[in-house]
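Step one of this worksheet: look at the structure below.
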Amino acid sequence: MKFFYDKVSALLQGIVSNNYKITLDYPVWELPSRQKFGDLSTAAPLKIASKLGKNPLEIAQEIKEDLGKRVSENIKKIEIAKPGFVNLFFSESLLISELKEIIKYKQDYFKGNNNRKVLIEFVSANPTGPLSIAHGRQAVVGDVIANLLEAQGNQVKREYYLNDQGRQIDLLVLSAKERIKEIEGKECHIPEGGYQGEYLKDVARAYLKEGNGGSLYQFCLCYIQSLIKADLDKLNISFDDWFSQKKLIEEKKVEEAIEALKEDGFVYEQEGALWFSSTKFSDDKDRVIKKSDGTLTYFASDIAYHYNKCRRGYDKLINLWGPDHHGYIGRVKSALKALGYKRKDLLTVVIIQLVSLKSKQKMSKRAGKLIRFSELINEVGKDAARFYYLTRKDSSHLDFDIDLAQKSSFDNPLYYIHYVCARIESIFKKANSPLDEEFSKYLEEPQELDMVRFLLQFPLCLQKSYYSLEPVFIIEYLKELASMFHKFYEKVRVLGDDPKKTKARLNILQATKEVLYFGLGILGIEPIEEM
RNA sequence: GCGCCCGUAGCUCAAUCGGAUAGAGCAUCGGCCUUCUAAGCCGAGGGUUGCAGGUUCGAUUCCUGCCGGGCGCGCCA
């Protein structure tokens, strides 16, 4: 679909007054609070004026006259505002004809036509234990970003990078071994830096019962991977692929990548170790890829992993990492450039900030242990967990308020949104009159047109989220939409005495429902038909 | 010491590549149910945007320097 504002924008872009290029500042989806400034606004006169040393109001006047001549049938009025804005107000017929498009095309109205092959890698928590609440946030944000990418028409693969080799795994297996000893009544010493968690006792017990003397390493890995999968399943998140680091190493992909770097002269030896000269790109210092004891670093396999992603033909890579990895971005990007993948926006790393829990009952304080992600889900449920994980920007620390998420009252924004679904469904159940094509002239209340305006801005919200990879904007939009709907509901009675007006208003409800359901669909949250 | 994130109403947060009167929700106070679900709506109070400069028509936003908070700076993964 070509979005409404794209169409209008295209309409206006043909208009260049005396070679002034007009850029459109508004609308954005926050518009209702600024509605007096019009449906579209531009500060172009100010910018042009400062360049040319002219009076901005005179330039605004020129633009107004030029626009007025060319798009009069779709524009109700054009205003000039100090110190040099031009504000356009759309005609009602333009707004309503677009509302009809939403009702006609339904969910397809919001879909984009990008077509990139995108690989999004997220969570990728070490398989040494169940997920933490911070991983939960990465999981939800990653899943929603993937939904957004898909809705914009891209081919998306969700991938989990499984660090199934290395010291952490060794420590895990050693710790499990000690737990087995413990169960067998022998002395038990969890190694320095090992894993103390209760779940390892479960692993040990399960191994003794069903392990049949097989590889403890294999058993631990499978067991814990299934724990992680179960946690993700509670959020309704699944991955297309679990990419094994071990396999990468066994298949000599790391050596291959190092060879490729060597060929181009980006590798050197010093003090018995092998270094990648990442400072030749945009890193602070060079990085070791093979240690002096001959083993490879984690970074080396990460180079190979990203090399592999590119060779699989993806033209866009997105990684979601925790804030402890931010220092890592430069070296991975450097490696990709060194390997010949120079496209500037090839790799985007989204840093997801940490999560803390807030609750009056001190459920998180149990003997200083970290609260497990699965406990959180059990407390608040899938939809509330998904919703609240998305209420802050990726780059902001999130304080998860468990009490609020559990509340079924009006200060819980998810309930506020769900209440819209319930009210709409309830009206449709009682209405039983079909939608009418010829409703345009029966929409005249300000609340009705406000609803239409706001609904038409939803694609802008989607685009904003899409380009910034910030799902929070959809949350904010839906909260605003809910607020507008409840106002509309109070002021304008849908099922009234005038059947023409009723039909017209049912059209608004229908379009609201399409927007709401599409938005919730992206967020992975179920609508509720009855409350 | 260096890098990243953050600092906005009593609390939790918004504020569109720099835009117009810095907005919501909670909490507080006051109104609205014989009518589509009051889990809602309407109204009031509440601000020197951490501090000090700079850039310009215009700064919460950009730059510099401080103050305060979080995280990271390995031949760990």
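Here, A, B, ... name the chains of the structure tokens in the order displayed, residue numbers run from 1 inside each chain, and ligands are numbered from 1 in the same displayed order.
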
Please give the complete set of residues from region 206-388 of chain A that DSSP, run on the backbone, assigns to strand (DSSP E or B), formatted as a PDB file with all heavy atoms, in the first residue's frame.
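Full text of out03.pdb as output:
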ATOM      1  N   ASP A 241      16.377 -20.477  13.637  1.00  0.00           N
ATOM      2  CA  ASP A 241      17.616 -21.234  13.660  1.00  0.00           C
ATOM      3  C   ASP A 241      18.367 -20.979  14.965  1.00  0.00           C
ATOM      4  O   ASP A 241      18.340 -19.873  15.488  1.00  0.00           O
ATOM      5  CB  ASP A 241      18.490 -20.822  12.464  1.00  0.00           C
ATOM      6  CG  ASP A 241      19.571 -21.850  12.200  1.00  0.00           C
ATOM      7  OD1 ASP A 241      19.504 -22.953  12.780  1.00  0.00           O
ATOM      8  OD2 ASP A 241      20.488 -21.544  11.416  1.00  0.00           O
ATOM      9  N   TRP A 242      18.990 -22.041  15.477  1.00  0.00           N
ATOM     10  CA  TRP A 242      19.902 -21.923  16.614  1.00  0.00           C
ATOM     11  C   TRP A 242      21.286 -22.206  16.061  1.00  0.00           C
ATOM     12  O   TRP A 242      21.598 -23.337  15.747  1.00  0.00           O
ATOM     13  CB  TRP A 242      19.522 -22.902  17.724  1.00  0.00           C
ATOM     14  CG  TRP A 242      18.195 -22.615  18.328  1.00  0.00           C
ATOM     15  CD1 TRP A 242      16.980 -22.683  17.702  1.00  0.00           C
ATOM     16  CD2 TRP A 242      17.945 -22.181  19.660  1.00  0.00           C
ATOM     17  NE1 TRP A 242      15.981 -22.315  18.576  1.00  0.00           N
ATOM     18  CE2 TRP A 242      16.556 -22.020  19.789  1.00  0.00           C
ATOM     19  CE3 TRP A 242      18.751 -21.925  20.770  1.00  0.00           C
ATOM     20  CZ2 TRP A 242      15.957 -21.600  20.979  1.00  0.00           C
ATOM     21  CZ3 TRP A 242      18.163 -21.523  21.956  1.00  0.00           C
ATOM     22  CH2 TRP A 242      16.775 -21.354  22.054  1.00  0.00           C
ATOM     23  N   PHE A 243      22.082 -21.166  15.935  1.00  0.00           N
ATOM     24  CA  PHE A 243      23.354 -21.302  15.232  1.00  0.00           C
ATOM     25  C   PHE A 243      24.449 -21.697  16.218  1.00  0.00           C
ATOM     26  O   PHE A 243      24.755 -20.951  17.147  1.00  0.00           O
ATOM     27  CB  PHE A 243      23.701 -19.978  14.551  1.00  0.00           C
ATOM     28  CG  PHE A 243      24.795 -20.097  13.538  1.00  0.00           C
ATOM     29  CD1 PHE A 243      24.502 -20.281  12.205  1.00  0.00           C
ATOM     30  CD2 PHE A 243      26.129 -20.026  13.936  1.00  0.00           C
ATOM     31  CE1 PHE A 243      25.511 -20.397  11.268  1.00  0.00           C
ATOM     32  CE2 PHE A 243      27.145 -20.143  13.006  1.00  0.00           C
ATOM     33  CZ  PHE A 243      26.830 -20.322  11.672  1.00  0.00           C
ATOM     34  N   SER A 244      25.044 -22.848  15.984  1.00  0.00           N
ATOM     35  CA  SER A 244      26.014 -23.384  16.942  1.00  0.00           C
ATOM     36  C   SER A 244      27.421 -22.848  16.714  1.00  0.00           C
ATOM     37  O   SER A 244      27.994 -22.987  15.634  1.00  0.00           O
ATOM     38  CB  SER A 244      26.028 -24.907  16.835  1.00  0.00           C
ATOM     39  OG  SER A 244      27.200 -25.433  17.389  1.00  0.00           O
ATOM     40  N   VAL A 267      46.023  -8.896   9.305  1.00  0.00           N
ATOM     41  CA  VAL A 267      46.383  -9.742  10.442  1.00  0.00           C
ATOM     42  C   VAL A 267      47.890  -9.698  10.634  1.00  0.00           C
ATOM     43  O   VAL A 267      48.639  -9.707   9.667  1.00  0.00           O
ATOM     44  CB  VAL A 267      45.937 -11.196  10.182  1.00  0.00           C
ATOM     45  CG1 VAL A 267      46.414 -12.115  11.299  1.00  0.00           C
ATOM     46  CG2 VAL A 267      44.425 -11.275  10.041  1.00  0.00           C
ATOM     47  N   TYR A 268      48.348  -9.604  11.883  1.00  0.00           N
ATOM     48  CA  TYR A 268      49.789  -9.644  12.156  1.00  0.00           C
ATOM     49  C   TYR A 268      50.062 -10.381  13.456  1.00  0.00           C
ATOM     50  O   TYR A 268      49.173 -10.580  14.273  1.00  0.00           O
ATOM     51  CB  TYR A 268      50.373  -8.234  12.203  1.00  0.00           C
ATOM     52  CG  TYR A 268      49.816  -7.359  13.321  1.00  0.00           C
ATOM     53  CD1 TYR A 268      50.431  -7.326  14.574  1.00  0.00           C
ATOM     54  CD2 TYR A 268      48.690  -6.565  13.111  1.00  0.00           C
ATOM     55  CE1 TYR A 268      49.926  -6.529  15.587  1.00  0.00           C
ATOM     56  CE2 TYR A 268      48.169  -5.762  14.117  1.00  0.00           C
ATOM     57  CZ  TYR A 268      48.802  -5.754  15.359  1.00  0.00           C
ATOM     58  OH  TYR A 268      48.301  -4.976  16.363  1.00  0.00           O
ATOM     59  N   GLU A 269      51.337 -10.788  13.619  1.00  0.00           N
ATOM     60  CA  GLU A 269      51.722 -11.503  14.827  1.00  0.00           C
ATOM     61  C   GLU A 269      52.489 -10.592  15.750  1.00  0.00           C
ATOM     62  O   GLU A 269      53.277  -9.761  15.308  1.00  0.00           O
ATOM     63  CB  GLU A 269      52.605 -12.689  14.443  1.00  0.00           C
ATOM     64  CG  GLU A 269      51.866 -14.002  14.494  1.00  0.00           C
ATOM     65  CD  GLU A 269      52.811 -15.186  14.334  1.00  0.00           C
ATOM     66  OE1 GLU A 269      53.416 -15.599  15.338  1.00  0.00           O
ATOM     67  OE2 GLU A 269      52.921 -15.653  13.187  1.00  0.00           O
ATOM     68  N   GLN A 270      52.233 -10.727  17.038  1.00  0.00           N
ATOM     69  CA  GLN A 270      52.981  -9.952  18.014  1.00  0.00           C
ATOM     70  C   GLN A 270      52.919 -10.664  19.349  1.00  0.00           C
ATOM     71  O   GLN A 270      51.847 -11.103  19.770  1.00  0.00           O
ATOM     72  CB  GLN A 270      52.390  -8.538  18.118  1.00  0.00           C
ATOM     73  CG  GLN A 270      53.284  -7.573  18.873  1.00  0.00           C
ATOM     74  CD  GLN A 270      52.652  -6.194  18.970  1.00  0.00           C
ATOM     75  OE1 GLN A 270      52.122  -5.672  17.989  1.00  0.00           O
ATOM     76  NE2 GLN A 270      52.686  -5.611  20.143  1.00  0.00           N
ATOM     77  N   ALA A 273      51.009 -13.889  19.694  1.00  0.00           N
ATOM     78  CA  ALA A 273      49.577 -13.949  19.410  1.00  0.00           C
ATOM     79  C   ALA A 273      49.286 -13.375  18.024  1.00  0.00           C
ATOM     80  O   ALA A 273      50.109 -12.679  17.442  1.00  0.00           O
ATOM     81  CB  ALA A 273      48.790 -13.173  20.454  1.00  0.00           C
ATOM     82  N   LEU A 274      48.089 -13.704  17.534  1.00  0.00           N
ATOM     83  CA  LEU A 274      47.668 -13.211  16.228  1.00  0.00           C
ATOM     84  C   LEU A 274      46.679 -12.072  16.427  1.00  0.00           C
ATOM     85  O   LEU A 274      45.713 -12.219  17.175  1.00  0.00           O
ATOM     86  CB  LEU A 274      47.005 -14.367  15.471  1.00  0.00           C
ATOM     87  CG  LEU A 274      47.115 -14.358  13.950  1.00  0.00           C
ATOM     88  CD1 LEU A 274      48.564 -14.314  13.506  1.00  0.00           C
ATOM     89  CD2 LEU A 274      46.436 -15.594  13.391  1.00  0.00           C
ATOM     90  N   TRP A 275      46.941 -10.953  15.757  1.00  0.00           N
ATOM     91  CA  TRP A 275      46.122  -9.762  15.970  1.00  0.00           C
ATOM     92  C   TRP A 275      45.404  -9.348  14.694  1.00  0.00           C
ATOM     93  O   TRP A 275      45.930  -9.512  13.595  1.00  0.00           O
ATOM     94  CB  TRP A 275      46.995  -8.588  16.414  1.00  0.00           C
ATOM     95  CG  TRP A 275      47.655  -8.777  17.744  1.00  0.00           C
ATOM     96  CD1 TRP A 275      48.688  -9.633  18.027  1.00  0.00           C
ATOM     97  CD2 TRP A 275      47.337  -8.101  18.964  1.00  0.00           C
ATOM     98  NE1 TRP A 275      49.033  -9.535  19.357  1.00  0.00           N
ATOM     99  CE2 TRP A 275      48.215  -8.597  19.957  1.00  0.00           C
ATOM    100  CE3 TRP A 275      46.400  -7.125  19.314  1.00  0.00           C
ATOM    101  CZ2 TRP A 275      48.189  -8.143  21.267  1.00  0.00           C
ATOM    102  CZ3 TRP A 275      46.380  -6.674  20.624  1.00  0.00           C
ATOM    103  CH2 TRP A 275      47.254  -7.187  21.595  1.00  0.00           C
ATOM    104  N   PHE A 276      44.222  -8.809  14.871  1.00  0.00           N
ATOM    105  CA  PHE A 276      43.477  -8.192  13.761  1.00  0.00           C
ATOM    106  C   PHE A 276      43.638  -6.676  13.893  1.00  0.00           C
ATOM    107  O   PHE A 276      43.351  -6.118  14.952  1.00  0.00           O
ATOM    108  CB  PHE A 276      41.999  -8.589  13.844  1.00  0.00           C
ATOM    109  CG  PHE A 276      41.083  -7.750  12.990  1.00  0.00           C
ATOM    110  CD1 PHE A 276      41.355  -7.551  11.645  1.00  0.00           C
ATOM    111  CD2 PHE A 276      39.940  -7.172  13.535  1.00  0.00           C
ATOM    112  CE1 PHE A 276      40.510  -6.778  10.858  1.00  0.00           C
ATOM    113  CE2 PHE A 276      39.098  -6.399  12.760  1.00  0.00           C
ATOM    114  CZ  PHE A 276      39.382  -6.193  11.418  1.00  0.00           C
ATOM    115  N   ARG A 287      42.825  -6.040  18.022  1.00  0.00           N
ATOM    116  CA  ARG A 287      42.258  -7.100  18.865  1.00  0.00           C
ATOM    117  C   ARG A 287      42.912  -8.440  18.579  1.00  0.00           C
ATOM    118  O   ARG A 287      43.173  -8.784  17.420  1.00  0.00           O
ATOM    119  CB  ARG A 287      40.751  -7.226  18.584  1.00  0.00           C
ATOM    120  CG  ARG A 287      39.993  -5.930  18.665  1.00  0.00           C
ATOM    121  CD  ARG A 287      39.895  -5.423  20.077  1.00  0.00           C
ATOM    122  NE  ARG A 287      39.265  -4.094  20.107  1.00  0.00           N
ATOM    123  CZ  ARG A 287      39.005  -3.441  21.237  1.00  0.00           C
ATOM    124  NH1 ARG A 287      39.323  -3.967  22.402  1.00  0.00           N
ATOM    125  NH2 ARG A 287      38.455  -2.255  21.198  1.00  0.00           N
ATOM    126  N   VAL A 288      43.090  -9.206  19.642  1.00  0.00           N
ATOM    127  CA  VAL A 288      43.668 -10.538  19.499  1.00  0.00           C
ATOM    128  C   VAL A 288      42.618 -11.488  18.919  1.00  0.00           C
ATOM    129  O   VAL A 288      41.462 -11.471  19.340  1.00  0.00           O
ATOM    130  CB  VAL A 288      44.134 -11.063  20.868  1.00  0.00           C
ATOM    131  CG1 VAL A 288      44.529 -12.526  20.780  1.00  0.00           C
ATOM    132  CG2 VAL A 288      45.276 -10.221  21.381  1.00  0.00           C
ATOM    133  N   ILE A 289      43.032 -12.300  17.950  1.00  0.00           N
ATOM    134  CA  ILE A 289      42.111 -13.321  17.460  1.00  0.00           C
ATOM    135  C   ILE A 289      42.607 -14.732  17.783  1.00  0.00           C
ATOM    136  O   ILE A 289      41.810 -15.644  17.934  1.00  0.00           O
ATOM    137  CB  ILE A 289      41.817 -13.185  15.945  1.00  0.00           C
ATOM    138  CG1 ILE A 289      43.085 -12.965  15.153  1.00  0.00           C
ATOM    139  CG2 ILE A 289      40.837 -12.061  15.693  1.00  0.00           C
ATOM    140  CD1 ILE A 289      42.854 -12.787  13.668  1.00  0.00           C
ATOM    141  N   LYS A 290      43.933 -14.893  17.895  1.00  0.00           N
ATOM    142  CA  LYS A 290      44.448 -16.189  18.368  1.00  0.00           C
ATOM    143  C   LYS A 290      45.456 -15.925  19.478  1.00  0.00           C
ATOM    144  O   LYS A 290      46.416 -15.188  19.293  1.00  0.00           O
ATOM    145  CB  LYS A 290      45.102 -16.956  17.209  1.00  0.00           C
ATOM    146  CG  LYS A 290      45.374 -18.408  17.546  1.00  0.00           C
ATOM    147  CD  LYS A 290      46.099 -19.128  16.421  1.00  0.00           C
ATOM    148  CE  LYS A 290      45.147 -20.005  15.597  1.00  0.00           C
ATOM    149  NZ  LYS A 290      45.859 -20.672  14.467  1.00  0.00           N
ATOM    150  N   LEU A 296      41.734 -19.952  19.966  1.00  0.00           N
ATOM    151  CA  LEU A 296      41.077 -18.809  19.346  1.00  0.00           C
ATOM    152  C   LEU A 296      40.306 -18.012  20.385  1.00  0.00           C
ATOM    153  O   LEU A 296      39.809 -18.561  21.366  1.00  0.00           O
ATOM    154  CB  LEU A 296      40.099 -19.302  18.279  1.00  0.00           C
ATOM    155  CG  LEU A 296      40.745 -20.015  17.102  1.00  0.00           C
ATOM    156  CD1 LEU A 296      39.707 -20.823  16.334  1.00  0.00           C
ATOM    157  CD2 LEU A 296      41.430 -19.013  16.183  1.00  0.00           C
ATOM    158  N   LYS A 316      21.023  -7.305   5.269  1.00  0.00           N
ATOM    159  CA  LYS A 316      20.850  -6.477   6.460  1.00  0.00           C
ATOM    160  C   LYS A 316      20.987  -7.366   7.689  1.00  0.00           C
ATOM    161  O   LYS A 316      20.313  -8.391   7.786  1.00  0.00           O
ATOM    162  CB  LYS A 316      19.465  -5.799   6.443  1.00  0.00           C
ATOM    163  CG  LYS A 316      19.166  -4.984   7.683  1.00  0.00           C
ATOM    164  CD  LYS A 316      19.926  -3.683   7.668  1.00  0.00           C
ATOM    165  CE  LYS A 316      19.905  -3.007   9.028  1.00  0.00           C
ATOM    166  NZ  LYS A 316      20.763  -1.815   9.064  1.00  0.00           N
ATOM    167  N   LEU A 317      21.880  -6.976   8.584  1.00  0.00           N
ATOM    168  CA  LEU A 317      22.064  -7.727   9.824  1.00  0.00           C
ATOM    169  C   LEU A 317      21.672  -6.840  10.996  1.00  0.00           C
ATOM    170  O   LEU A 317      22.079  -5.687  11.069  1.00  0.00           O
ATOM    171  CB  LEU A 317      23.535  -8.134  10.003  1.00  0.00           C
ATOM    172  CG  LEU A 317      24.209  -8.859   8.837  1.00  0.00           C
ATOM    173  CD1 LEU A 317      25.668  -9.138   9.177  1.00  0.00           C
ATOM    174  CD2 LEU A 317      23.489 -10.163   8.532  1.00  0.00           C
ATOM    175  N   ILE A 318      20.886  -7.408  11.885  1.00  0.00           N
ATOM    176  CA  ILE A 318      20.544  -6.681  13.104  1.00  0.00           C
ATOM    177  C   ILE A 318      20.907  -7.558  14.294  1.00  0.00           C
ATOM    178  O   ILE A 318      20.536  -8.730  14.338  1.00  0.00           O
ATOM    179  CB  ILE A 318      19.039  -6.330  13.135  1.00  0.00           C
ATOM    180  CG1 ILE A 318      18.704  -5.381  11.985  1.00  0.00           C
ATOM    181  CG2 ILE A 318      18.657  -5.690  14.466  1.00  0.00           C
ATOM    182  CD1 ILE A 318      17.230  -5.075  11.845  1.00  0.00           C
ATOM    183  N   ASN A 319      21.657  -6.992  15.226  1.00  0.00           N
ATOM    184  CA  ASN A 319      21.992  -7.717  16.457  1.00  0.00           C
ATOM    185  C   ASN A 319      21.434  -6.965  17.644  1.00  0.00           C
ATOM    186  O   ASN A 319      21.552  -5.746  17.717  1.00  0.00           O
ATOM    187  CB  ASN A 319      23.504  -7.791  16.651  1.00  0.00           C
ATOM    188  CG  ASN A 319      24.196  -8.634  15.599  1.00  0.00           C
ATOM    189  OD1 ASN A 319      23.545  -9.282  14.782  1.00  0.00           O
ATOM    190  ND2 ASN A 319      25.502  -8.622  15.619  1.00  0.00           N
ATOM    191  N   LEU A 320      20.850  -7.693  18.557  1.00  0.00           N
ATOM    192  CA  LEU A 320      20.443  -7.088  19.823  1.00  0.00           C
ATOM    193  C   LEU A 320      21.401  -7.569  20.902  1.00  0.00           C
ATOM    194  O   LEU A 320      21.505  -8.773  21.143  1.00  0.00           O
ATOM    195  CB  LEU A 320      19.007  -7.503  20.178  1.00  0.00           C
ATOM    196  CG  LEU A 320      17.905  -6.576  19.693  1.00  0.00           C
ATOM    197  CD1 LEU A 320      17.899  -6.473  18.189  1.00  0.00           C
ATOM    198  CD2 LEU A 320      16.557  -7.051  20.194  1.00  0.00           C
ATOM    199  N   TRP A 321      22.062  -6.611  21.548  1.00  0.00           N
ATOM    200  CA  TRP A 321      23.038  -6.972  22.574  1.00  0.00           C
ATOM    201  C   TRP A 321      22.721  -6.240  23.862  1.00  0.00           C
ATOM    202  O   TRP A 321      22.094  -5.179  23.870  1.00  0.00           O
ATOM    203  CB  TRP A 321      24.447  -6.578  22.130  1.00  0.00           C
ATOM    204  CG  TRP A 321      25.035  -7.457  21.059  1.00  0.00           C
ATOM    205  CD1 TRP A 321      24.559  -8.663  20.626  1.00  0.00           C
ATOM    206  CD2 TRP A 321      26.213  -7.179  20.290  1.00  0.00           C
ATOM    207  NE1 TRP A 321      25.384  -9.160  19.629  1.00  0.00           N
ATOM    208  CE2 TRP A 321      26.402  -8.269  19.407  1.00  0.00           C
ATOM    209  CE3 TRP A 321      27.139  -6.124  20.259  1.00  0.00           C
ATOM    210  CZ2 TRP A 321      27.475  -8.332  18.524  1.00  0.00           C
ATOM    211  CZ3 TRP A 321      28.193  -6.190  19.377  1.00  0.00           C
ATOM    212  CH2 TRP A 321      28.361  -7.290  18.514  1.00  0.00           C
ATOM    213  N   LEU A 347      25.255  -3.664   9.117  1.00  0.00           N
ATOM    214  CA  LEU A 347      25.047  -4.185  10.472  1.00  0.00           C
ATOM    215  C   LEU A 347      24.543  -3.073  11.384  1.00  0.00           C
ATOM    216  O   LEU A 347      25.144  -2.013  11.469  1.00  0.00           O
ATOM    217  CB  LEU A 347      26.363  -4.738  11.024  1.00  0.00           C
ATOM    218  CG  LEU A 347      26.351  -5.135  12.507  1.00  0.00           C
ATOM    219  CD1 LEU A 347      25.414  -6.308  12.766  1.00  0.00           C
ATOM    220  CD2 LEU A 347      27.747  -5.469  12.989  1.00  0.00           C
ATOM    221  N   THR A 348      23.429  -3.340  12.029  1.00  0.00           N
ATOM    222  CA  THR A 348      22.951  -2.427  13.066  1.00  0.00           C
ATOM    223  C   THR A 348      22.929  -3.181  14.382  1.00  0.00           C
ATOM    224  O   THR A 348      22.332  -4.248  14.476  1.00  0.00           O
ATOM    225  CB  THR A 348      21.525  -1.931  12.749  1.00  0.00           C
ATOM    226  OG1 THR A 348      21.553  -1.247  11.492  1.00  0.00           O
ATOM    227  CG2 THR A 348      21.042  -0.961  13.825  1.00  0.00           C
ATOM    228  N   VAL A 349      23.604  -2.638  15.351  1.00  0.00           N
ATOM    229  CA  VAL A 349      23.592  -3.254  16.669  1.00  0.00           C
ATOM    230  C   VAL A 349      22.708  -2.409  17.572  1.00  0.00           C
ATOM    231  O   VAL A 349      22.929  -1.220  17.733  1.00  0.00           O
ATOM    232  CB  VAL A 349      25.005  -3.352  17.266  1.00  0.00           C
ATOM    233  CG1 VAL A 349      24.941  -3.955  18.664  1.00  0.00           C
ATOM    234  CG2 VAL A 349      25.908  -4.178  16.367  1.00  0.00           C
ATOM    235  N   VAL A 350      21.682  -3.040  18.100  1.00  0.00           N
ATOM    236  CA  VAL A 350      20.784  -2.337  19.013  1.00  0.00           C
ATOM    237  C   VAL A 350      21.158  -2.749  20.428  1.00  0.00           C
ATOM    238  O   VAL A 350      21.152  -3.939  20.753  1.00  0.00           O
ATOM    239  CB  VAL A 350      19.313  -2.709  18.738  1.00  0.00           C
ATOM    240  CG1 VAL A 350      18.391  -1.939  19.666  1.00  0.00           C
ATOM    241  CG2 VAL A 350      18.965  -2.424  17.288  1.00  0.00           C
ATOM    242  N   ILE A 351      21.516  -1.785  21.232  1.00  0.00           N
ATOM    243  CA  ILE A 351      21.853  -2.087  22.621  1.00  0.00           C
ATOM    244  C   ILE A 351      20.585  -1.972  23.460  1.00  0.00           C
ATOM    245  O   ILE A 351      19.949  -0.928  23.493  1.00  0.00           O
ATOM    246  CB  ILE A 351      22.932  -1.117  23.146  1.00  0.00           C
ATOM    247  CG1 ILE A 351      24.231  -1.283  22.363  1.00  0.00           C
ATOM    248  CG2 ILE A 351      23.159  -1.329  24.635  1.00  0.00           C
ATOM    249  CD1 ILE A 351      24.919  -2.604  22.515  1.00  0.00           C
ATOM    250  N   VAL A 355      17.179  -4.218  32.875  1.00  0.00           N
ATOM    251  CA  VAL A 355      15.847  -4.206  33.462  1.00  0.00           C
ATOM    252  C   VAL A 355      15.977  -4.396  34.970  1.00  0.00           C
ATOM    253  O   VAL A 355      16.729  -5.248  35.422  1.00  0.00           O
ATOM    254  CB  VAL A 355      15.005  -5.382  32.916  1.00  0.00           C
ATOM    255  CG1 VAL A 355      13.613  -5.376  33.518  1.00  0.00           C
ATOM    256  CG2 VAL A 355      14.930  -5.317  31.397  1.00  0.00           C
ATOM    257  N   SER A 356      15.270  -3.588  35.717  1.00  0.00           N
ATOM    258  CA  SER A 356      15.181  -3.875  37.151  1.00  0.00           C
ATOM    259  C   SER A 356      13.710  -4.072  37.495  1.00  0.00           C
ATOM    260  O   SER A 356      12.832  -3.650  36.758  1.00  0.00           O
ATOM    261  CB  SER A 356      15.785  -2.738  37.962  1.00  0.00           C
ATOM    262  OG  SER A 356      15.189  -1.516  37.613  1.00  0.00           O
ATOM    263  N   LEU A 357      13.466  -4.708  38.605  1.00  0.00           N
ATOM    264  CA  LEU A 357      12.098  -5.021  38.984  1.00  0.00           C
ATOM    265  C   LEU A 357      11.658  -4.158  40.148  1.00  0.00           C
ATOM    266  O   LEU A 357      12.440  -3.865  41.045  1.00  0.00           O
ATOM    267  CB  LEU A 357      11.991  -6.489  39.407  1.00  0.00           C
ATOM    268  CG  LEU A 357      12.121  -7.515  38.306  1.00  0.00           C
ATOM    269  CD1 LEU A 357      12.030  -8.901  38.892  1.00  0.00           C
ATOM    270  CD2 LEU A 357      11.054  -7.321  37.244  1.00  0.00           C
ATOM    271  N   LYS A 358      10.410  -3.754  40.085  1.00  0.00           N
ATOM    272  CA  LYS A 358       9.860  -2.974  41.174  1.00  0.00           C
ATOM    273  C   LYS A 358       8.600  -3.677  41.666  1.00  0.00           C
ATOM    274  O   LYS A 358       7.724  -4.001  40.877  1.00  0.00           O
ATOM    275  CB  LYS A 358       9.508  -1.575  40.670  1.00  0.00           C
ATOM    276  CG  LYS A 358       9.321  -0.569  41.771  1.00  0.00           C
ATOM    277  CD  LYS A 358       9.252   0.838  41.203  1.00  0.00           C
ATOM    278  CE  LYS A 358       7.861   1.143  40.688  1.00  0.00           C
ATOM    279  NZ  LYS A 358       7.742   2.499  40.140  1.00  0.00           N
ATOM    280  N   ARG A 372      14.164 -15.250  38.325  1.00  0.00           N
ATOM    281  CA  ARG A 372      14.178 -15.862  37.002  1.00  0.00           C
ATOM    282  C   ARG A 372      13.066 -15.273  36.155  1.00  0.00           C
ATOM    283  O   ARG A 372      12.020 -14.878  36.638  1.00  0.00           O
ATOM    284  CB  ARG A 372      14.015 -17.369  37.118  1.00  0.00           C
ATOM    285  CG  ARG A 372      15.349 -18.058  37.293  1.00  0.00           C
ATOM    286  CD  ARG A 372      15.173 -19.458  37.741  1.00  0.00           C
ATOM    287  NE  ARG A 372      14.450 -20.255  36.746  1.00  0.00           N
ATOM    288  CZ  ARG A 372      14.379 -21.572  36.823  1.00  0.00           C
ATOM    289  NH1 ARG A 372      14.975 -22.218  37.802  1.00  0.00           N
ATOM    290  NH2 ARG A 372      13.698 -22.246  35.917  1.00  0.00           N
TER     291      ARG A 372
END

Requested in this report: Using only C-alpha atoms (C1' of nucleotides), select each residue of chain B with any atom at most 12 Å away from an atom of chain A, and give the selection as a PyMOL selection string.
Outcome: chain B and resi 2-7+12-21+23-27+32-33+35-42+56-58+69-77

**Report entry** In region 166-216 of chain A, DSSP alpha helix (DSSP H) residues written as a PyMOL selection string
**Finding:** chain A and resi 167-183+199-210+216

Query raised in the report: In Å to one decimal, how far is CA of Tyr517 (chain A) from CA of Val144 (chain A)?
Result: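 Distance reported for this atom pair: 14.4 Å.
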
Query - Near-A9 (chain B) list (10 Å; only C-alpha atoms (C1' of nucleotides); drop same-chain fewer than 2 positions) as an MDAnalysis selection string - result: chainID B and resid 11 46:47

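Residue neighbourhood of C63 (chain B), excluding near-sequence residues (fewer than 3 positions): G53, G54, U55 and A59 of chain B, at 12 Å, using only C-alpha atoms (C1' of nucleotides).
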
Put those residues in a file: C-alpha atoms (C1' of nucleotides), as a PDB file, in the first residue's frame.
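Listing of result_36.pdb after writing:
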ATOM      1  C1'   G B  53      28.476  28.836  29.240  1.00  0.00           C
ATOM      2  C1'   G B  54      28.258  28.557  23.615  1.00  0.00           C
ATOM      3  C1'   U B  55      26.012  28.110  18.546  1.00  0.00           C
ATOM      4  C1'   A B  59      17.715  24.776  22.519  1.00  0.00           C
TER       5        A B  59
END
